[in-house]
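Next comes start_22.cif, with mmCIF, C-alpha atoms and all ligand atoms.
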```cif
data_upload
#
loop_
_atom_site.group_PDB
_atom_site.id
_atom_site.type_symbol
_atom_site.label_atom_id
_atom_site.label_comp_id
_atom_site.auth_asym_id
_atom_site.auth_seq_id
_atom_site.Cartn_x
_atom_site.Cartn_y
_atom_site.Cartn_z
ATOM 1 C CA MET V 237 -1.805 27.882 11.897
ATOM 2 C CA SER V 238 -0.513 24.770 13.527
ATOM 3 C CA THR V 239 3.182 24.208 13.160
ATOM 4 C CA ALA V 240 2.757 20.452 13.525
ATOM 5 C CA PRO V 241 4.526 18.608 10.719
ATOM 6 C CA LEU V 242 2.357 17.346 7.891
ATOM 7 C CA PRO V 243 1.901 13.588 7.635
ATOM 8 C CA ALA V 244 4.265 11.990 5.145
ATOM 9 C CA GLY V 245 3.116 12.927 1.653
ATOM 10 C CA PRO V 246 3.103 10.794 -1.489
ATOM 11 C CA GLU V 247 6.600 9.537 -2.134
ATOM 12 C CA SER V 248 8.437 9.056 -5.383
ATOM 13 C CA SER V 249 8.064 5.249 -5.415
ATOM 14 C CA PRO V 250 4.443 4.075 -5.377
ATOM 15 C CA GLY V 251 4.725 2.147 -2.133
ATOM 16 C CA PRO V 252 3.524 0.843 0.150
ATOM 17 C CA HIS V 253 6.692 1.318 2.158
ATOM 18 C CA HIS V 254 5.311 -0.181 5.340
ATOM 19 C CA VAL V 255 2.612 -2.842 5.388
ATOM 20 C CA ALA V 256 1.005 -3.742 8.713
ATOM 21 C CA ILE V 257 -1.185 -6.827 9.031
ATOM 22 C CA ILE V 258 -3.737 -7.881 11.634
ATOM 23 C CA MET V 259 -3.407 -11.633 11.181
ATOM 24 C CA ASP V 260 -6.894 -12.840 12.041
ATOM 25 C CA GLY V 261 -8.961 -15.957 11.450
ATOM 26 C CA ASN V 262 -6.789 -18.836 12.689
ATOM 27 C CA GLY V 263 -9.523 -20.104 15.012
ATOM 28 C CA ARG V 264 -12.194 -20.037 12.313
ATOM 29 C CA TRP V 265 -9.847 -21.776 9.871
ATOM 30 C CA ALA V 266 -9.455 -24.627 12.360
ATOM 31 C CA LYS V 267 -13.131 -24.742 13.313
ATOM 32 C CA ALA V 268 -14.175 -25.064 9.669
ATOM 33 C CA ARG V 269 -12.065 -28.226 9.504
ATOM 34 C CA GLY V 270 -13.152 -29.658 12.846
ATOM 35 C CA LEU V 271 -9.656 -29.104 14.243
ATOM 36 C CA PRO V 272 -8.563 -27.572 17.556
ATOM 37 C CA ARG V 273 -7.781 -23.841 17.442
ATOM 38 C CA VAL V 274 -4.084 -24.528 17.907
ATOM 39 C CA ALA V 275 -4.039 -26.226 14.484
ATOM 40 C CA GLY V 276 -5.127 -22.895 12.998
ATOM 41 C CA HIS V 277 -2.373 -21.075 14.868
ATOM 42 C CA ARG V 278 0.177 -23.586 13.548
ATOM 43 C CA ARG V 279 -0.943 -22.983 9.999
ATOM 44 C CA GLY V 280 -0.927 -19.272 10.796
ATOM 45 C CA ALA V 281 2.782 -19.550 11.549
ATOM 46 C CA ASP V 282 3.292 -21.081 8.073
ATOM 47 C CA ALA V 283 1.496 -18.074 6.603
ATOM 48 C CA VAL V 284 3.858 -15.755 8.502
ATOM 49 C CA ARG V 285 6.792 -17.482 6.788
ATOM 50 C CA ARG V 286 5.161 -17.198 3.334
ATOM 51 C CA VAL V 287 4.222 -13.559 3.782
ATOM 52 C CA ILE V 288 7.653 -12.480 5.033
ATOM 53 C CA ARG V 289 9.235 -14.163 2.011
ATOM 54 C CA GLY V 290 6.618 -12.679 -0.334
ATOM 55 C CA ALA V 291 6.970 -9.176 1.101
ATOM 56 C CA GLY V 292 10.738 -9.348 0.618
ATOM 57 C CA GLU V 293 10.271 -10.462 -2.988
ATOM 58 C CA LEU V 294 7.817 -7.615 -3.572
ATOM 59 C CA GLY V 295 10.356 -5.091 -2.292
ATOM 60 C CA ILE V 296 8.387 -3.979 0.757
ATOM 61 C CA PRO V 297 10.931 -2.471 3.158
ATOM 62 C CA VAL V 298 8.907 -2.762 6.384
ATOM 63 C CA LEU V 299 6.364 -5.384 7.449
ATOM 64 C CA THR V 300 4.620 -5.339 10.829
ATOM 65 C CA LEU V 301 2.571 -8.313 12.013
ATOM 66 C CA PHE V 302 0.113 -8.339 14.917
ATOM 67 C CA ALA V 303 0.628 -11.715 16.601
ATOM 68 C CA PHE V 304 -0.671 -11.329 20.176
ATOM 69 C CA SER V 305 -2.571 -8.432 21.709
ATOM 70 C CA THR V 306 -2.706 -7.220 25.299
ATOM 71 C CA GLU V 307 -6.341 -8.415 25.218
ATOM 72 C CA ASN V 308 -5.462 -11.915 23.996
ATOM 73 C CA TRP V 309 -4.505 -12.884 27.581
ATOM 74 C CA THR V 310 -8.254 -13.139 28.210
ATOM 75 C CA ARG V 311 -8.401 -16.292 26.044
ATOM 76 C CA PRO V 312 -8.564 -19.714 27.732
ATOM 77 C CA ALA V 313 -5.272 -20.565 29.477
ATOM 78 C CA ASP V 314 -4.704 -23.544 27.145
ATOM 79 C CA GLU V 315 -4.864 -21.385 24.068
ATOM 80 C CA VAL V 316 -2.561 -18.726 25.544
ATOM 81 C CA SER V 317 -0.106 -21.448 26.445
ATOM 82 C CA ASP V 318 -0.305 -22.941 22.918
ATOM 83 C CA LEU V 319 0.349 -19.511 21.427
ATOM 84 C CA MET V 320 3.352 -18.931 23.715
ATOM 85 C CA GLY V 321 4.643 -22.391 22.786
ATOM 86 C CA LEU V 322 4.379 -21.567 19.083
ATOM 87 C CA LEU V 323 6.133 -18.278 19.704
ATOM 88 C CA ARG V 324 9.016 -20.073 21.413
ATOM 89 C CA HIS V 325 9.220 -22.513 18.529
ATOM 90 C CA TYR V 326 9.170 -19.685 15.993
ATOM 91 C CA LEU V 327 11.877 -17.642 17.706
ATOM 92 C CA ARG V 328 14.149 -20.667 18.027
ATOM 93 C CA ASN V 329 13.640 -22.246 14.636
ATOM 94 C CA GLU V 330 12.985 -19.460 12.196
ATOM 95 C CA LEU V 331 16.256 -17.568 12.330
ATOM 96 C CA GLU V 332 17.800 -19.270 9.309
ATOM 97 C CA GLU V 333 14.716 -18.639 7.231
ATOM 98 C CA LEU V 334 14.711 -14.995 8.352
ATOM 99 C CA GLY V 335 18.365 -14.824 7.330
ATOM 100 C CA ARG V 336 17.593 -16.288 3.886
ATOM 101 C CA ASN V 337 14.989 -13.549 3.443
ATOM 102 C CA GLY V 338 17.316 -10.789 4.639
ATOM 103 C CA ALA V 339 14.822 -10.058 7.404
ATOM 104 C CA ARG V 340 15.741 -8.040 10.473
ATOM 105 C CA LEU V 341 13.406 -8.946 13.327
ATOM 106 C CA ARG V 342 12.114 -6.567 15.960
ATOM 107 C CA VAL V 343 9.532 -7.496 18.540
ATOM 108 C CA ILE V 344 7.189 -4.702 19.570
ATOM 109 C CA GLY V 345 5.148 -4.908 22.764
ATOM 110 C CA ASP V 346 5.331 -4.974 26.536
ATOM 111 C CA ARG V 347 7.815 -7.715 27.393
ATOM 112 C CA THR V 348 7.311 -7.532 31.161
ATOM 113 C CA ARG V 349 4.431 -9.997 31.077
ATOM 114 C CA LEU V 350 6.227 -12.546 28.884
ATOM 115 C CA ALA V 351 8.050 -15.564 30.325
ATOM 116 C CA PRO V 352 11.768 -14.842 30.919
ATOM 117 C CA ASP V 353 12.904 -17.511 28.438
ATOM 118 C CA ILE V 354 10.757 -15.920 25.712
ATOM 119 C CA VAL V 355 12.193 -12.489 26.511
ATOM 120 C CA LYS V 356 15.654 -13.997 26.112
ATOM 121 C CA ASP V 357 14.718 -15.716 22.835
ATOM 122 C CA ILE V 358 13.402 -12.390 21.542
ATOM 123 C CA SER V 359 16.652 -10.583 22.373
ATOM 124 C CA ASP V 360 18.689 -13.391 20.784
ATOM 125 C CA ALA V 361 16.569 -13.366 17.618
ATOM 126 C CA GLU V 362 16.819 -9.582 17.327
ATOM 127 C CA GLN V 363 20.539 -9.739 17.894
ATOM 128 C CA ARG V 364 21.127 -12.519 15.387
ATOM 129 C CA THR V 365 19.101 -10.873 12.608
ATOM 130 C CA ARG V 366 20.266 -7.306 13.213
ATOM 131 C CA SER V 367 22.554 -7.053 10.185
ATOM 132 C CA ASN V 368 19.927 -8.240 7.699
ATOM 133 C CA THR V 369 18.976 -5.382 5.397
ATOM 134 C CA ARG V 370 16.361 -6.501 2.886
ATOM 135 C CA ILE V 371 13.248 -6.175 5.019
ATOM 136 C CA ASP V 372 12.434 -5.048 8.542
ATOM 137 C CA VAL V 373 9.960 -7.428 10.135
ATOM 138 C CA ASN V 374 8.253 -6.199 13.294
ATOM 139 C CA ILE V 375 6.208 -8.726 15.225
ATOM 140 C CA CYS V 376 3.813 -7.280 17.791
ATOM 141 C CA ILE V 377 3.557 -9.471 20.869
ATOM 142 C CA ASN V 378 1.666 -8.417 23.979
ATOM 143 C CA TYR V 379 1.050 -5.225 22.083
ATOM 144 C CA GLY V 380 -1.820 -2.837 22.734
ATOM 145 C CA SER V 381 -1.911 0.625 21.270
ATOM 146 C CA ARG V 382 -3.722 2.315 24.150
ATOM 147 C CA ASP V 383 -1.250 0.880 26.615
ATOM 148 C CA GLU V 384 1.602 2.075 24.403
ATOM 149 C CA ILE V 385 0.158 5.608 24.311
ATOM 150 C CA VAL V 386 -0.361 5.641 28.081
ATOM 151 C CA GLN V 387 3.221 4.478 28.667
ATOM 152 C CA ALA V 388 4.529 7.170 26.303
ATOM 153 C CA THR V 389 2.508 9.801 28.149
ATOM 154 C CA ARG V 390 3.781 8.561 31.489
ATOM 155 C CA SER V 391 7.364 8.733 30.281
ATOM 156 C CA LEU V 392 6.952 12.312 29.027
ATOM 157 C CA ALA V 393 5.213 13.322 32.271
ATOM 158 C CA ARG V 394 8.133 11.887 34.238
ATOM 159 C CA LYS V 395 10.613 13.778 32.095
ATOM 160 C CA ALA V 396 8.615 16.982 32.511
ATOM 161 C CA ALA V 397 8.465 16.534 36.291
ATOM 162 C CA ALA V 398 12.232 16.004 36.321
ATOM 163 C CA GLY V 399 12.706 19.179 34.284
ATOM 164 C CA GLU V 400 14.103 17.283 31.299
ATOM 165 C CA VAL V 401 11.269 18.262 28.972
ATOM 166 C CA VAL V 402 9.410 21.560 28.709
ATOM 167 C CA PRO V 403 5.672 20.757 28.332
ATOM 168 C CA GLU V 404 5.249 23.419 25.616
ATOM 169 C CA LYS V 405 7.889 21.655 23.544
ATOM 170 C CA ILE V 406 5.958 18.385 23.439
ATOM 171 C CA ASP V 407 4.863 17.903 19.843
ATOM 172 C CA GLU V 408 4.054 14.957 17.578
ATOM 173 C CA ASN V 409 7.711 14.225 16.866
ATOM 174 C CA LEU V 410 8.672 14.171 20.517
ATOM 175 C CA PHE V 411 5.663 12.049 21.387
ATOM 176 C CA GLU V 412 6.436 9.532 18.645
ATOM 177 C CA ARG V 413 9.889 9.002 20.046
ATOM 178 C CA GLU V 414 8.320 7.623 23.225
ATOM 179 C CA LEU V 415 6.256 5.008 21.394
ATOM 180 C CA LEU V 416 7.376 1.384 21.054
ATOM 181 C CA THR V 417 7.598 2.012 17.312
ATOM 182 C CA ALA V 418 10.131 4.839 17.691
ATOM 183 C CA GLY V 419 12.186 4.971 14.523
ATOM 184 C CA VAL V 420 9.721 2.900 12.474
ATOM 185 C CA PRO V 421 7.922 4.835 9.708
ATOM 186 C CA ASP V 422 4.105 4.874 9.923
ATOM 187 C CA PRO V 423 2.352 2.069 8.035
ATOM 188 C CA ASP V 424 0.870 3.268 4.759
ATOM 189 C CA LEU V 425 -1.155 0.089 4.252
ATOM 190 C CA LEU V 426 -3.010 -1.806 6.989
ATOM 191 C CA ILE V 427 -4.473 -5.180 6.043
ATOM 192 C CA ARG V 428 -6.832 -7.226 8.223
ATOM 193 C CA THR V 429 -7.712 -10.747 7.234
ATOM 194 C CA SER V 430 -10.785 -12.863 8.071
ATOM 195 C CA GLY V 431 -13.490 -10.357 7.146
ATOM 196 C CA GLU V 432 -13.463 -8.465 10.448
ATOM 197 C CA GLN V 433 -13.413 -4.712 9.912
ATOM 198 C CA ARG V 434 -11.953 -3.263 13.084
ATOM 199 C CA ILE V 435 -8.598 -2.100 14.423
ATOM 200 C CA SER V 436 -8.632 -4.057 17.721
ATOM 201 C CA ASN V 437 -6.210 -1.698 19.497
ATOM 202 C CA PHE V 438 -3.466 -1.954 16.850
ATOM 203 C CA LEU V 439 -1.178 0.991 15.973
ATOM 204 C CA LEU V 440 -3.879 3.608 16.638
ATOM 205 C CA TRP V 441 -1.463 6.541 16.508
ATOM 206 C CA GLN V 442 0.672 5.177 13.689
ATOM 207 C CA CYS V 443 -2.205 4.319 11.333
ATOM 208 C CA ALA V 444 -3.653 7.851 11.366
ATOM 209 C CA TYR V 445 -3.303 8.027 7.577
ATOM 210 C CA ALA V 446 -2.897 4.376 6.624
ATOM 211 C CA GLU V 447 -5.062 2.962 3.849
ATOM 212 C CA LEU V 448 -7.177 0.155 5.307
ATOM 213 C CA VAL V 449 -7.752 -3.010 3.293
ATOM 214 C CA PHE V 450 -10.013 -5.719 4.710
ATOM 215 C CA VAL V 451 -9.925 -9.134 3.092
ATOM 216 C CA ASP V 452 -12.167 -12.134 3.726
ATOM 217 C CA THR V 453 -9.328 -14.675 3.475
ATOM 218 C CA LEU V 454 -8.536 -16.355 6.797
ATOM 219 C CA TRP V 455 -4.932 -15.797 7.882
ATOM 220 C CA PRO V 456 -3.751 -19.436 7.429
ATOM 221 C CA ASP V 457 -4.813 -19.180 3.752
ATOM 222 C CA PHE V 458 -3.118 -15.825 3.176
ATOM 223 C CA GLY V 459 -0.109 -15.705 0.870
ATOM 224 C CA LYS V 460 1.946 -13.580 -1.479
ATOM 225 C CA GLU V 461 -0.835 -13.319 -4.062
ATOM 226 C CA HIS V 462 -3.233 -11.891 -1.471
ATOM 227 C CA LEU V 463 -0.572 -9.412 -0.445
ATOM 228 C CA GLU V 464 -0.119 -8.391 -4.079
ATOM 229 C CA ARG V 465 -3.860 -7.864 -4.434
ATOM 230 C CA ALA V 466 -3.969 -5.663 -1.332
ATOM 231 C CA ILE V 467 -1.042 -3.653 -2.688
ATOM 232 C CA ALA V 468 -2.819 -3.203 -6.015
ATOM 233 C CA GLU V 469 -5.857 -1.922 -4.102
ATOM 234 C CA PHE V 470 -3.604 0.453 -2.147
ATOM 235 C CA ARG V 471 -2.192 1.844 -5.405
ATOM 236 C CA ARG V 472 -5.671 2.554 -6.727
ATOM 237 C CA ARG V 473 -6.473 4.732 -3.729
ATOM 238 C CA GLU V 474 -6.075 8.476 -3.759
ATOM 239 C CA ARG V 475 -4.349 9.629 -0.598
ATOM 240 C CA ARG V 476 -5.315 13.149 0.404
ATOM 241 C CA TYR V 477 -3.995 13.760 3.913
ATOM 242 C CA GLY V 478 -6.826 16.179 4.570
ATOM 243 C CA GLY V 479 -6.174 18.158 1.383
ATOM 244 C CA VAL V 480 -8.279 18.267 -1.766
ATOM 245 C CA GLY V 481 -6.348 15.701 -3.784
ATOM 246 C CA SER V 482 -5.061 15.963 -7.326
HETATM 247 C C1 LIG V 501 -5.619 -14.652 15.044
HETATM 248 O O1 LIG V 501 -6.589 -15.626 14.903
HETATM 249 C C2 LIG V 501 -4.522 -15.057 15.989
HETATM 250 C C3 LIG V 501 -4.522 -14.336 17.267
HETATM 251 C C4 LIG V 501 -5.298 -13.354 17.606
HETATM 252 C C5 LIG V 501 -3.568 -14.775 18.268
HETATM 253 P P1 LIG V 501 -7.746 -15.818 15.963
HETATM 254 O O2 LIG V 501 -7.284 -16.784 17.002
HETATM 255 O O3 LIG V 501 -8.224 -14.515 16.474
HETATM 256 O O4 LIG V 501 -8.855 -16.504 15.049
HETATM 257 P P2 LIG V 501 -10.419 -16.259 15.078
HETATM 258 O O5 LIG V 501 -10.646 -14.780 14.990
HETATM 259 O O6 LIG V 501 -10.929 -16.832 16.358
HETATM 260 O O7 LIG V 501 -10.922 -16.985 13.874
HETATM 261 C C1 LIG V 502 -6.530 -9.030 16.843
HETATM 262 O O1 LIG V 502 -7.299 -10.164 16.645
HETATM 263 C C2 LIG V 502 -5.235 -9.390 17.513
HETATM 264 C C3 LIG V 502 -4.297 -10.157 16.702
HETATM 265 C C4 LIG V 502 -4.435 -10.477 15.444
HETATM 266 C C5 LIG V 502 -3.104 -10.561 17.378
HETATM 267 P P1 LIG V 502 -8.416 -10.631 17.702
HETATM 268 O O2 LIG V 502 -9.043 -11.825 17.107
HETATM 269 O O3 LIG V 502 -7.812 -10.754 19.036
HETATM 270 O O4 LIG V 502 -9.389 -9.371 17.706
HETATM 271 P P2 LIG V 502 -10.934 -9.268 18.041
HETATM 272 O O5 LIG V 502 -11.136 -9.958 19.349
HETATM 273 O O6 LIG V 502 -11.671 -9.946 16.928
HETATM 274 O O7 LIG V 502 -11.200 -7.788 18.059
HETATM 275 MG MG MG V 503 -9.666 -13.234 15.890
#
```

Written form, structure tokens:
Amino acid sequence: MSTAPLPAGPESSPGPHHVAIIMDGNGRWAKARGLPRVAGHRRGADAVRRVIRGAGELGIPVLTLFAFSTENWTRPADEVSDLMGLLRHYLRNELEELGRNGARLRVIGDRTRLAPDIVKDISDAEQRTRSNTRIDVNICINYGSRDEIVQATRSLARKAAAGEVVPEKIDENLFERELLTAGVPDPDLLIRTSGEQRISNFLLWQCAYAELVFVDTLWPDFGKEHLERAIAEFRRRERRYGGVGS
């Protein structure tokens, strides 16, 4: 028998305890209105504000939002630059609103490719929201799950080569501690907007047992009521974790 720990089982409160969202559809929202893609991203930022507030009101303790993937650098330079501009604006102007919502911000992703001023804004925002306790908001920027897993493996290999880790002792818990999400519980609900039904390199390890909910709504139109509907769907699901269920 494997001695690996079982995935987290059903908890006393119905959950979800951690909702992760692939915020997709900004470009199509704009296109449908004859607007440039950046207009969709701007409205997407408004949806981020609404959903953070809504998640706090619904008592969700952890919310993780996929904002920019390691693959999104392949978009036209103008669009990447618009997205980075919006990110700057968000990090500098959203701190009061995050405070009002009791939101503690954490940015998850590889920061080495981000502009130095953005890296500084991220640290400042994390620092200035660190004592907020109502909801943990993780925003994934330059995040890619395969890259994260490779980096974690590299770090463990280095530690093993240095004699700090015995290879036989590497288990799921030890591995998890090397991931960018170390200390964050696994998502139990993963939502993707815009009708696409794929993971796109998001939290591959962490979503091993997440319930997946795909909604047709484009991200700029998404709000608290859509979140509530996804949660209701989550609560109708029977989670089995490989067992036979109840
Ligand atoms: C999501 O919307 C935002 C990011 C990935 C940065 P998209 O920009 O992917 O919108 P669509 O998929 O083209 O509609
Ligand atoms: C996933 O959306 C990434 C983010 C939401 C940040 P994409 O629009 O980049 O994904 P694909 O290209 O449809 O897989
Ligand atoms: Mg997309």

Where does chain V meet ligand MG 503 (chain V) within 7 Å, residue by residue, with the nearest atom pair and distance in Å to one decimal for each, counting all atoms listed in the file, listed by chain and rising number, as a tab-separated table?
```
residue	atom	partner	partner_atom	distance
V:Asp260	CA	V:MG503	MG	4.8
V:Gly261	CA	V:MG503	MG	5.3
V:Gly263	CA	V:MG503	MG	6.9
```

(request) Could you pull out the residues sitting within 12 Å of ligand LIG 502 (chain V), using only C-alpha atoms and all ligand atoms, and write them as a PyMOL selection string? (result) chain V and resi 256-264+277+280+300-311+316+319+345+375-381+427-439+454-455

Keeping C-alpha atoms, export the residues of the selection given above as a tab-separated table (two decimals), in the frame of the given file.
```tsv
chain	number	residue	atom	x	y	z
V	256	ALA	CA	1.00	-3.74	8.71
V	257	ILE	CA	-1.18	-6.83	9.03
V	258	ILE	CA	-3.74	-7.88	11.63
V	259	MET	CA	-3.41	-11.63	11.18
V	260	ASP	CA	-6.89	-12.84	12.04
V	261	GLY	CA	-8.96	-15.96	11.45
V	262	ASN	CA	-6.79	-18.84	12.69
V	263	GLY	CA	-9.52	-20.10	15.01
V	264	ARG	CA	-12.19	-20.04	12.31
V	277	HIS	CA	-2.37	-21.08	14.87
V	280	GLY	CA	-0.93	-19.27	10.80
V	300	THR	CA	4.62	-5.34	10.83
V	301	LEU	CA	2.57	-8.31	12.01
V	302	PHE	CA	0.11	-8.34	14.92
V	303	ALA	CA	0.63	-11.72	16.60
V	304	PHE	CA	-0.67	-11.33	20.18
V	305	SER	CA	-2.57	-8.43	21.71
V	306	THR	CA	-2.71	-7.22	25.30
V	307	GLU	CA	-6.34	-8.41	25.22
V	308	ASN	CA	-5.46	-11.92	24.00
V	309	TRP	CA	-4.50	-12.88	27.58
V	310	THR	CA	-8.25	-13.14	28.21
V	311	ARG	CA	-8.40	-16.29	26.04
V	316	VAL	CA	-2.56	-18.73	25.54
V	319	LEU	CA	0.35	-19.51	21.43
V	345	GLY	CA	5.15	-4.91	22.76
V	375	ILE	CA	6.21	-8.73	15.22
V	376	CYS	CA	3.81	-7.28	17.79
V	377	ILE	CA	3.56	-9.47	20.87
V	378	ASN	CA	1.67	-8.42	23.98
V	379	TYR	CA	1.05	-5.22	22.08
V	380	GLY	CA	-1.82	-2.84	22.73
V	381	SER	CA	-1.91	0.62	21.27
V	427	ILE	CA	-4.47	-5.18	6.04
V	428	ARG	CA	-6.83	-7.23	8.22
V	429	THR	CA	-7.71	-10.75	7.23
V	430	SER	CA	-10.78	-12.86	8.07
V	431	GLY	CA	-13.49	-10.36	7.15
V	432	GLU	CA	-13.46	-8.46	10.45
V	433	GLN	CA	-13.41	-4.71	9.91
V	434	ARG	CA	-11.95	-3.26	13.08
V	435	ILE	CA	-8.60	-2.10	14.42
V	436	SER	CA	-8.63	-4.06	17.72
V	437	ASN	CA	-6.21	-1.70	19.50
V	438	PHE	CA	-3.47	-1.95	16.85
V	439	LEU	CA	-1.18	0.99	15.97
V	454	LEU	CA	-8.54	-16.36	6.80
V	455	TRP	CA	-4.93	-15.80	7.88
```

On this structure, the PyMOL selection byres (((chain V and resi 440-444) around 10) and not hetatm) would catch which residues? List them as a JSON list (two decimals) with C-alpha atoms, keeping the file's coordinate frame, sorted by chain and number.
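This went into part_14.json:
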```
[["chain", "number", "residue", "atom", "x", "y", "z"],
["V", 243, "PRO", "CA", 1.90, 13.59, 7.64],
["V", 256, "ALA", "CA", 1.00, -3.74, 8.71],
["V", 380, "GLY", "CA", -1.82, -2.84, 22.73],
["V", 381, "SER", "CA", -1.91, 0.62, 21.27],
["V", 382, "ARG", "CA", -3.72, 2.32, 24.15],
["V", 384, "GLU", "CA", 1.60, 2.08, 24.40],
["V", 385, "ILE", "CA", 0.16, 5.61, 24.31],
["V", 412, "GLU", "CA", 6.44, 9.53, 18.64],
["V", 415, "LEU", "CA", 6.26, 5.01, 21.39],
["V", 417, "THR", "CA", 7.60, 2.01, 17.31],
["V", 420, "VAL", "CA", 9.72, 2.90, 12.47],
["V", 421, "PRO", "CA", 7.92, 4.84, 9.71],
["V", 422, "ASP", "CA", 4.11, 4.87, 9.92],
["V", 423, "PRO", "CA", 2.35, 2.07, 8.04],
["V", 424, "ASP", "CA", 0.87, 3.27, 4.76],
["V", 425, "LEU", "CA", -1.16, 0.09, 4.25],
["V", 426, "LEU", "CA", -3.01, -1.81, 6.99],
["V", 435, "ILE", "CA", -8.60, -2.10, 14.42],
["V", 436, "SER", "CA", -8.63, -4.06, 17.72],
["V", 437, "ASN", "CA", -6.21, -1.70, 19.50],
["V", 438, "PHE", "CA", -3.47, -1.95, 16.85],
["V", 439, "LEU", "CA", -1.18, 0.99, 15.97],
["V", 445, "TYR", "CA", -3.30, 8.03, 7.58],
["V", 446, "ALA", "CA", -2.90, 4.38, 6.62],
["V", 447, "GLU", "CA", -5.06, 2.96, 3.85],
["V", 448, "LEU", "CA", -7.18, 0.16, 5.31],
["V", 477, "TYR", "CA", -4.00, 13.76, 3.91]]
```

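When all atoms listed in the file are used to compute distances to Ala283 of chain V, the closest of the residues V:Asn368, V:Gln387, V:Gln363, V:Thr453 turns out to be V:Thr453.
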
(request) Starting from the displayed file, determine the output of the PyMOL selection byres (((chain V and resi 333) around 12) and not hetatm) and express the residue list as a PyMOL selection string. (result) chain V and resi 282+284-286+288-289+326-332+334-341+361+365+368

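Note that the spacing between atom CA of Ala351 of chain V and atom CA of Arg273 of chain V amounts to 22.0 Å.
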
(request) For Leu294 of chain V, work out the shell of residues within 12 Å, counting only C-alpha atoms and skipping chain neighbours fewer than 5 positions away, then give it as a PyMOL selection string. (result) chain V and resi 251-255+287-289+299+337+370-371+460-461+463-465+467-468

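Counting from atom P2 of ligand LIG 501 (chain V), the distance to atom CA of Val451 of chain V is 14.0 Å.
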
(message) Let me make sure I understand: among V:Pro312, V:Pro250, V:Gly292, V:Gly481, which one has the smallest atom-to-atom distance to ligand LIG 501 (chain V) if we use all atoms listed in the file?
(response) V:Pro312

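Atom CA of Val386 of chain V is positioned 18.3 Å from atom CA of Ala398 of chain V.
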
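Each of V:Asp383, V:Glu414, V:Asp357, V:Asp407 was compared to Arg324 of chain V using all atoms listed in the file, and V:Asp357 turns out to be the nearest.
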
Listed atoms of ligand LIG 501 (chain V), axis-aligned box, 3 Å per side: centre and edge lengths to one decimal in Å, as lines of an AutoDock Vina configuration file?
```
center_x = -7.2
center_y = -15.2
center_z = 16.1
size_x = 13.4
size_y = 9.6
size_z = 10.4
```

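When only C-alpha atoms and all ligand atoms are used to compute distances to ligand LIG 501 (chain V), the closest of the residues V:His325, V:Arg472, V:Ala291, V:Asp452 turns out to be V:Asp452.
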